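A short write-up of the structure that comes next.
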Amino acid sequence: MTCYSPSGTHGSGQPGTQRSEWRWGDAKKRREVVTRFGQTSSIHAASYVCSPRRKSYSLFVKIVYRTLFAFCVLSVISAIFFLLQDNFSKESTFINTVLRDSETGLKEDPIYFPLFPRVTICRRPTYRTDFNESYMELVHYAMLSLGTGQGPYIPSEEAMLVQIAMYEMNLIANLSADEINMRDTLQTMEERFKNLSQSETFNLTRFVLQHSVGCRGMFRSCLIHVHLPDCCELFEPVLTTYGVCFTTRTDSPIQKYASKTGARDVIVKFNLISPDQTEAATEVGFRVFFSDPYMDVPVMPTTGEVVREDMVTGMKTAIKVQLIKTDRTALFTPFHGMGNSCPKWEYTPTFQSIRFSTYLCHLKFLNELMRRRCKCNLIYRYSDVEDMSVCGPRENYQCFFHAVFESNVSVLPCKFACVVYSYKTESSYMSLGGNSSTSGLEILYNTQQYTYNEYKKATLSYLLMSPGCGTNSRQSQPPKYNLIAKDIRQKLSNSVPQLA
């Protein structure tokens, strides 16, 4: 190996002779070499940094270019950081679905884990039809207090109600002949209803209950395993958007039997009195709803928390029911994994829980809307302050639409809770041998297993959090929500006679 000295002489390559002449430990020599390299290099802007101009000018250029270089490096680092943060916190997730034992679910959530669904049965029509034609028209009109959409009017008549409300708000210019006739009929019925409601003893809630089909007119018999309990001890009347329906009591024998039986399926059977096919021009039959038993006061919007099955009149309808637990906590957990921002029930200032039902949240929102715009409370919805009267038929088909249009309510603001219990169903039908006066309902509920849907994402929080993280927060709240609803039902039962 040979080396060259700075003077250009050829060395022998022996250590300690020619190599020492480079003097790389000399700072001045290093600067000269670097400067010469920069002036002759093709690297972008290197010749400007190493320019042999005035010292002050050269120093300024060095500072500028070094600042720009540092800024570029920091920009790249920050871009990488925000890209990683965005990927770690993205709500684009996958759902991990597994079949789990109910004992495991009960241990993880001993307060809210349901042993049997809340079963709500609605008859169509829900009101009695044993009145003369004139009085029947008044009953139909009074049922508008429950809201439009599922009342005694056919869909074309309810569409005309919307058109009339829009006309009175000057949103449309004209009404058709049928809509004008409908408006005149409503005005006549409103006058009759006002004359009826002027009585000191009149109560709208009581009127609706007394003119609806009662428990004895709904059920023939009920069977739990080998026991034949009184159906009216299993079910209680409840006001819904479908009218007066019957829902299982929280402390019913069905719940007790489901908690003690060792069988895989709990089987309960109900024989219902079929409505007369000529009773009304509207739909005739039964609808069955399954919902979380701890989320009280069931109403029937399509929020995903309530599943509906239609029965075939005069036949036996068998429904297999499976519990589904959906945990969406991962969607509200930031990338750092420090806590979560799950939606809360915020309508009660003294009680903010992460366990609530979306449909009751919608109910509360709409009731507050009616209180502000129409100065009344919806009949099947409760208020924390009982300082206003119950909304009558006119408020529901006129003032309600006005409130919705003026408030520009296109999407209800309530979100799903992080942990939601719902159900999936599968129906089959069987003939009862020509006995059309009875409709059978058989419910087969799987008590041993449930479907667990857990939202997951490849986030930093998911990688760092332990598998049991967040379990205590889901169990820390007692079921105050259910107690609020029980209070309302107690007040209702004290002021309204039970259906017989």
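Residues are named by chain letter and number: chains run A, B, ... in the order of the structure tokens, numbers start at 1 in each chain, and ligands are numbered from 1 in the order shown.
Listed by chain and then by rising number, the residues of segment 384-447 of chain A that DSSP assigns to strand (DSSP E or B) from the backbone are Val390, Val419, Val420, Tyr421, Ser422, Tyr423, Lys424, Thr425, Glu426, Ser427, Ser428, Tyr429, Met430, Ser431, Thr438, Ser439, Gly440, Leu441, Glu442, Ile443, Leu444, Tyr445 and Asn446 of chain A.
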Residues at most 6 Å from segment 446-457 of chain A, counting only C-alpha atoms, excluding those fewer than 6 positions away in the same chain, as an mmCIF file with N, CA and C atoms, in the first residue's frame?
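Result written to part_14.cif:
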data_model
loop_
_atom_site.group_PDB
_atom_site.id
_atom_site.type_symbol
_atom_site.label_atom_id
_atom_site.label_comp_id
_atom_site.auth_asym_id
_atom_site.auth_seq_id
_atom_site.Cartn_x
_atom_site.Cartn_y
_atom_site.Cartn_z
ATOM 1 N N THR A 93 -61.775 0.266 12.686
ATOM 2 C CA THR A 93 -61.508 -0.866 13.555
ATOM 3 C C THR A 93 -62.073 -2.145 12.953
ATOM 4 N N PHE A 94 -61.823 -3.229 13.623
ATOM 5 C CA PHE A 94 -62.441 -4.496 13.273
ATOM 6 C C PHE A 94 -63.168 -5.013 14.508
ATOM 7 N N ILE A 95 -64.150 -5.873 14.279
ATOM 8 C CA ILE A 95 -64.958 -6.417 15.366
ATOM 9 C C ILE A 95 -64.541 -7.863 15.601
ATOM 10 N N ASN A 96 -64.176 -8.147 16.816
ATOM 11 C CA ASN A 96 -63.836 -9.510 17.211
ATOM 12 C C ASN A 96 -65.082 -10.155 17.819
ATOM 13 N N THR A 97 -65.650 -11.148 17.150
ATOM 14 C CA THR A 97 -66.879 -11.802 17.578
ATOM 15 C C THR A 97 -66.566 -13.201 18.082
ATOM 16 N N VAL A 98 -66.966 -13.467 19.325
ATOM 17 C CA VAL A 98 -66.748 -14.781 19.921
ATOM 18 C C VAL A 98 -68.015 -15.213 20.641
ATOM 19 N N LEU A 99 -68.146 -16.505 20.849
ATOM 20 C CA LEU A 99 -69.252 -17.072 21.620
ATOM 21 C C LEU A 99 -68.733 -17.379 23.016
ATOM 22 N N ARG A 100 -69.356 -16.761 24.018
ATOM 23 C CA ARG A 100 -68.854 -16.889 25.385
ATOM 24 C C ARG A 100 -69.910 -17.498 26.293
ATOM 25 N N ASP A 101 -69.454 -18.024 27.430
ATOM 26 C CA ASP A 101 -70.368 -18.583 28.423
ATOM 27 C C ASP A 101 -71.041 -17.459 29.205
ATOM 28 N N SER A 102 -72.295 -17.642 29.527
ATOM 29 C CA SER A 102 -73.033 -16.616 30.271
ATOM 30 C C SER A 102 -72.474 -16.426 31.671
ATOM 31 N N ARG A 264 -80.222 -25.559 28.950
ATOM 32 C CA ARG A 264 -79.591 -24.661 27.987
ATOM 33 C C ARG A 264 -80.568 -23.598 27.503
ATOM 34 N N ASP A 265 -81.809 -23.987 27.252
ATOM 35 C CA ASP A 265 -82.826 -23.059 26.743
ATOM 36 C C ASP A 265 -83.952 -22.910 27.752
ATOM 37 N N GLN A 322 -81.109 -14.903 21.104
ATOM 38 C CA GLN A 322 -79.704 -14.984 21.541
ATOM 39 C C GLN A 322 -79.241 -13.608 22.003
ATOM 40 N N LEU A 323 -78.610 -13.557 23.166
ATOM 41 C CA LEU A 323 -78.089 -12.289 23.703
ATOM 42 C C LEU A 323 -76.831 -11.872 22.947
ATOM 43 N N ILE A 324 -76.708 -10.577 22.698
ATOM 44 C CA ILE A 324 -75.517 -10.001 22.068
ATOM 45 C C ILE A 324 -75.002 -8.865 22.949
ATOM 46 N N LYS A 325 -73.743 -8.948 23.315
ATOM 47 C CA LYS A 325 -73.096 -7.856 24.042
ATOM 48 C C LYS A 325 -72.114 -7.176 23.101
ATOM 49 N N THR A 326 -72.261 -5.874 22.928
ATOM 50 C CA THR A 326 -71.377 -5.100 22.055
ATOM 51 C C THR A 326 -70.589 -4.105 22.895
ATOM 52 N N ASP A 327 -69.291 -4.198 22.820
ATOM 53 C CA ASP A 327 -68.398 -3.303 23.574
ATOM 54 C C ASP A 327 -67.659 -2.413 22.575
ATOM 55 N N ARG A 328 -67.980 -1.106 22.586
ATOM 56 C CA ARG A 328 -67.415 -0.152 21.644
ATOM 57 C C ARG A 328 -66.401 0.768 22.319
ATOM 58 N N ALA A 330 -63.269 0.699 22.538
ATOM 59 C CA ALA A 330 -62.062 0.980 21.748
ATOM 60 C C ALA A 330 -62.243 2.177 20.834
#
DSSP-assigned helix (DSSP H, G or I) members of segment 95-324 of chain A, reported as a ChimeraX atom specification: /A:102-108,133-146,155-168,177-197,204-210,231-234,253-260
